[in-house]
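Heads up, the thing below is written out as structure tokens.
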Amino acid sequence: EVAIWIETPENFAELKRAFESTTSFGKLIEARPTVAGRNVYIRLKCFAGDAMGMNMISKGSLAVIECLRSIFPALSLLALSGNVCTDKKAAAMNWIEGRGKSVVIEATIPKDVVSKTLKTSVKAIVDANVNKNLIGSAMASVVGGFNAHAANNVTAVFLATGQDPAQNVESSNCITIMEETSDGNLWVSCTMPSIEVGTVGGGTGLPAQAACLRAIGVKGGGEKPGQNAKQLAHVVAAATLAGELSLMAALASNSLVAAHMAHNRKPPTASK
């Protein structure tokens with residue numbers, strides 16, 4: 001009964017009023033119920049301006065529940081978060097529906113840059129990407145992990161800009177695609193459906209993290225609400241694409257171990 005009521009379009013306005021009464025910037029866009037036995041799990045889709053928005057949305061979600069309880073007195077709240085959100089966990093729901101910001105980024109790398117800078121060939125890196133990131137990941141039955149090491153780059157940007165590093169889990173959802181163009185260059189894209197970032201609140205006010213946000217040009221709220229957070233998500237995706245190119249080139253040229261040994265080890269010291 002509760003789920004049917006929520007799914008009725010004219011009833012959504014009541015939930016929207018309740019949610020938006022708790023916030024200046026937050027907007028409730030959608031409420032979608034999922035039923036399991038006697039339990040109803042409500043996944044709310046919200047706009048949070050330039051904040052990542054967890055506190056804002058939690059407060060608004062509680063108001064939504066209180067609205068529902070006024071209509072259905074027998075309704076009881078077991079937990080404000082029912083894990084259908086889905087926060088800090090690998091979930092097909094986030095991979096398919098998105099969460100936070102959804103970004104698709106692409107670049108075309110000239111074949112001479114692939115050869116001279118990345119030290120491999122277009123064919124070799126494309127073949128490595130298909131067999132590792134697509135087929136290999138499928139064999140492992142990953143959820144959102146069709147990439148080389150997106151989590152490394154996402155975490156680096158998160159720590160530098162004051163994001164919640166635990167949200168790396170869903171923010172690192174990424175599929176990396178590489179193709180050889182008709183003129184022999186390398187086309188690469190990263191599709192990242194669930195990047196969770198904000199430029200106000202939380203760790204964004206820490207001195208070092210605030211300095212990084214200022215350097216990027218996204219500190220604080222944007223002229224248009226949500227503008228700065230959206231740009232920061234683009235930065236995360238761009239860093240991820242650059243990291244994917246670097247690692248896949250090293251794997252395609254079989255130079256990964258040699259590079260680690262040369263650049264990631266202390267130089268030998270003479271024994272006394």
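Residues are referred to by chain and number: the chain letter is A, B, ... according to the order shown in the structure tokens, the number counts from 1 in that chain, and ligands are numbered separately from 1 in the order shown.
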Please produce, as JSON lines, a per-residue contact table for segment 217-268 of chain A versus segment 104-108 of chain A (criterion: any atom at most 10 Å away, only C-alpha atoms considered), showing the nearest atom pair and its distance in Å to one decimal, sorted by chain then residue number.
```
{"residue": "A:His234", "atom": "CA", "partner": "A:Ile105", "partner_atom": "CA", "distance": 7.8}
{"residue": "A:Val235", "atom": "CA", "partner": "A:Ile105", "partner_atom": "CA", "distance": 9.9}
{"residue": "A:Ala237", "atom": "CA", "partner": "A:Ile105", "partner_atom": "CA", "distance": 6.6}
{"residue": "A:Ala238", "atom": "CA", "partner": "A:Ile105", "partner_atom": "CA", "distance": 6.9}
{"residue": "A:Thr240", "atom": "CA", "partner": "A:Ile105", "partner_atom": "CA", "distance": 9.5}
{"residue": "A:Leu241", "atom": "CA", "partner": "A:Ile105", "partner_atom": "CA", "distance": 7.6}
{"residue": "A:Ala242", "atom": "CA", "partner": "A:Ala107", "partner_atom": "CA", "distance": 9.7}
```
Include N, CA, C and O atoms and write out the residues we just selected as a CSV table (one decimal), in the first residue's frame.
```
chain,number,residue,atom,x,y,z
A,234,HIS,N,34.3,16.3,-13.4
A,234,HIS,CA,35.1,16.2,-14.7
A,234,HIS,C,36.6,16.1,-14.4
A,234,HIS,O,37.3,15.3,-15.1
A,235,VAL,N,37.1,16.8,-13.4
A,235,VAL,CA,38.5,16.6,-13.1
A,235,VAL,C,38.8,15.2,-12.6
A,235,VAL,O,39.9,14.7,-13.0
A,237,ALA,N,37.3,12.5,-13.5
A,237,ALA,CA,37.3,11.6,-14.7
A,237,ALA,C,38.5,11.8,-15.6
A,237,ALA,O,39.1,10.9,-16.1
A,238,ALA,N,38.9,13.1,-15.7
A,238,ALA,CA,40.1,13.4,-16.5
A,238,ALA,C,41.4,12.7,-15.9
A,238,ALA,O,42.2,12.2,-16.7
A,240,THR,N,41.4,10.1,-14.1
A,240,THR,CA,41.2,8.7,-14.2
A,240,THR,C,41.6,8.3,-15.6
A,240,THR,O,42.4,7.3,-15.8
A,241,LEU,N,41.2,9.0,-16.7
A,241,LEU,CA,41.6,8.7,-18.0
A,241,LEU,C,43.1,8.7,-18.2
A,241,LEU,O,43.7,7.8,-18.9
A,242,ALA,N,43.7,9.8,-17.7
A,242,ALA,CA,45.2,9.9,-17.8
A,242,ALA,C,45.9,8.7,-17.1
A,242,ALA,O,46.8,8.1,-17.7
```
Residues of segment 174-234 of chain A that approach segment 36-47 of chain A to 12 Å or less, counting only C-alpha atoms: could you list each one with the shortest pair of atoms and its distance in Å to one decimal, rows by chain and increasing residue number, as CSV?
```
residue,atom,partner,partner_atom,distance
A:Gly198,CA,A:Phe47,CA,11.8
A:Pro225,CA,A:Phe47,CA,9.5
A:Gly226,CA,A:Phe47,CA,8.3
A:Gln227,CA,A:Phe47,CA,11.8
A:Ala229,CA,A:Phe47,CA,11.4
A:Lys230,CA,A:Phe47,CA,11.7
```
Convert the current residue selection to file output with N, CA and C atoms, as an mmCIF file, in the first residue's frame.
```cif
data_model
loop_
_atom_site.group_PDB
_atom_site.id
_atom_site.type_symbol
_atom_site.label_atom_id
_atom_site.label_comp_id
_atom_site.auth_asym_id
_atom_site.auth_seq_id
_atom_site.Cartn_x
_atom_site.Cartn_y
_atom_site.Cartn_z
ATOM 1 N N GLY A 198 31.832 17.019 -3.814
ATOM 2 C CA GLY A 198 31.264 18.312 -3.466
ATOM 3 C C GLY A 198 32.370 19.327 -3.310
ATOM 4 N N PRO A 225 24.187 27.020 -8.840
ATOM 5 C CA PRO A 225 24.293 25.893 -7.903
ATOM 6 C C PRO A 225 24.569 24.573 -8.616
ATOM 7 N N GLY A 226 25.589 23.866 -8.135
ATOM 8 C CA GLY A 226 25.962 22.581 -8.721
ATOM 9 C C GLY A 226 27.067 22.667 -9.749
ATOM 10 N N GLN A 227 27.374 23.887 -10.216
ATOM 11 C CA GLN A 227 28.355 24.075 -11.285
ATOM 12 C C GLN A 227 29.752 23.619 -10.878
ATOM 13 N N ALA A 229 30.689 21.561 -8.353
ATOM 14 C CA ALA A 229 30.751 20.121 -8.081
ATOM 15 C C ALA A 229 30.798 19.340 -9.393
ATOM 16 N N LYS A 230 30.047 19.801 -10.374
ATOM 17 C CA LYS A 230 30.053 19.130 -11.678
ATOM 18 C C LYS A 230 31.441 19.221 -12.322
#
```
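Excluding Arg17 of chain A and any residue on its chain fewer than 4 positions from it, the residues at most 9 Å away by only C-alpha atoms are A:Phe12, A:Ala13, A:Ser21, A:Leu28, A:Val64.
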Output for the residues just chosen: N, CA, C and O atoms as a PDB file, in the first residue's frame:
```
ATOM      1  N   PHE A  12       3.574  12.515  -5.069  1.00  0.00           N
ATOM      2  CA  PHE A  12       4.986  12.909  -4.989  1.00  0.00           C
ATOM      3  C   PHE A  12       5.133  14.355  -4.517  1.00  0.00           C
ATOM      4  O   PHE A  12       6.088  14.686  -3.809  1.00  0.00           O
ATOM      5  N   ALA A  13       4.197  15.214  -4.889  1.00  0.00           N
ATOM      6  CA  ALA A  13       4.282  16.623  -4.491  1.00  0.00           C
ATOM      7  C   ALA A  13       4.330  16.778  -2.975  1.00  0.00           C
ATOM      8  O   ALA A  13       5.018  17.672  -2.452  1.00  0.00           O
ATOM      9  N   SER A  21      11.387  21.386   2.570  1.00  0.00           N
ATOM     10  CA  SER A  21      11.184  22.278   3.710  1.00  0.00           C
ATOM     11  C   SER A  21      12.392  22.288   4.638  1.00  0.00           C
ATOM     12  O   SER A  21      12.501  23.155   5.512  1.00  0.00           O
ATOM     13  N   LEU A  28      14.086  17.511  -4.229  1.00  0.00           N
ATOM     14  CA  LEU A  28      13.728  16.106  -4.408  1.00  0.00           C
ATOM     15  C   LEU A  28      13.211  15.934  -5.833  1.00  0.00           C
ATOM     16  O   LEU A  28      12.257  16.601  -6.249  1.00  0.00           O
ATOM     17  N   VAL A  64      10.702  13.136   4.739  1.00  0.00           N
ATOM     18  CA  VAL A  64       9.870  12.318   3.858  1.00  0.00           C
ATOM     19  C   VAL A  64       9.224  11.184   4.649  1.00  0.00           C
ATOM     20  O   VAL A  64       8.023  10.899   4.493  1.00  0.00           O
TER      21      VAL A  64
END
```
Inset, instruction - Please identify which residues in segment 74-272 of chain A DSSP calls alpha helix (DSSP H) from the backbone, and express them as number ranges by chain. - result: A: 92-97, 111-116, 122-129, 137-139, 150-161, 168-171, 207-216, 227-252, 256-263
Inset, instruction - Find the residues around segment 142-147 of chain A up to 10 Å (only C-alpha atoms counted), leave out those fewer than 4 positions away in its own chain, and share them as number ranges by chain. - result: A: 90-96, 129-130, 132-138, 151, 169-177, 190-194, 240-241, 244, 248
Inset, instruction - Would you mind listing what lies within 7 Å of Thr199 of chain A as a list in words, with only C-alpha atoms counted and same-chain residues fewer than 3 positions away left out? - result: Asp50, Ala51, Thr204, Val218, Lys219, Gly220, Gly221, Asn228 and Ala229 of chain A
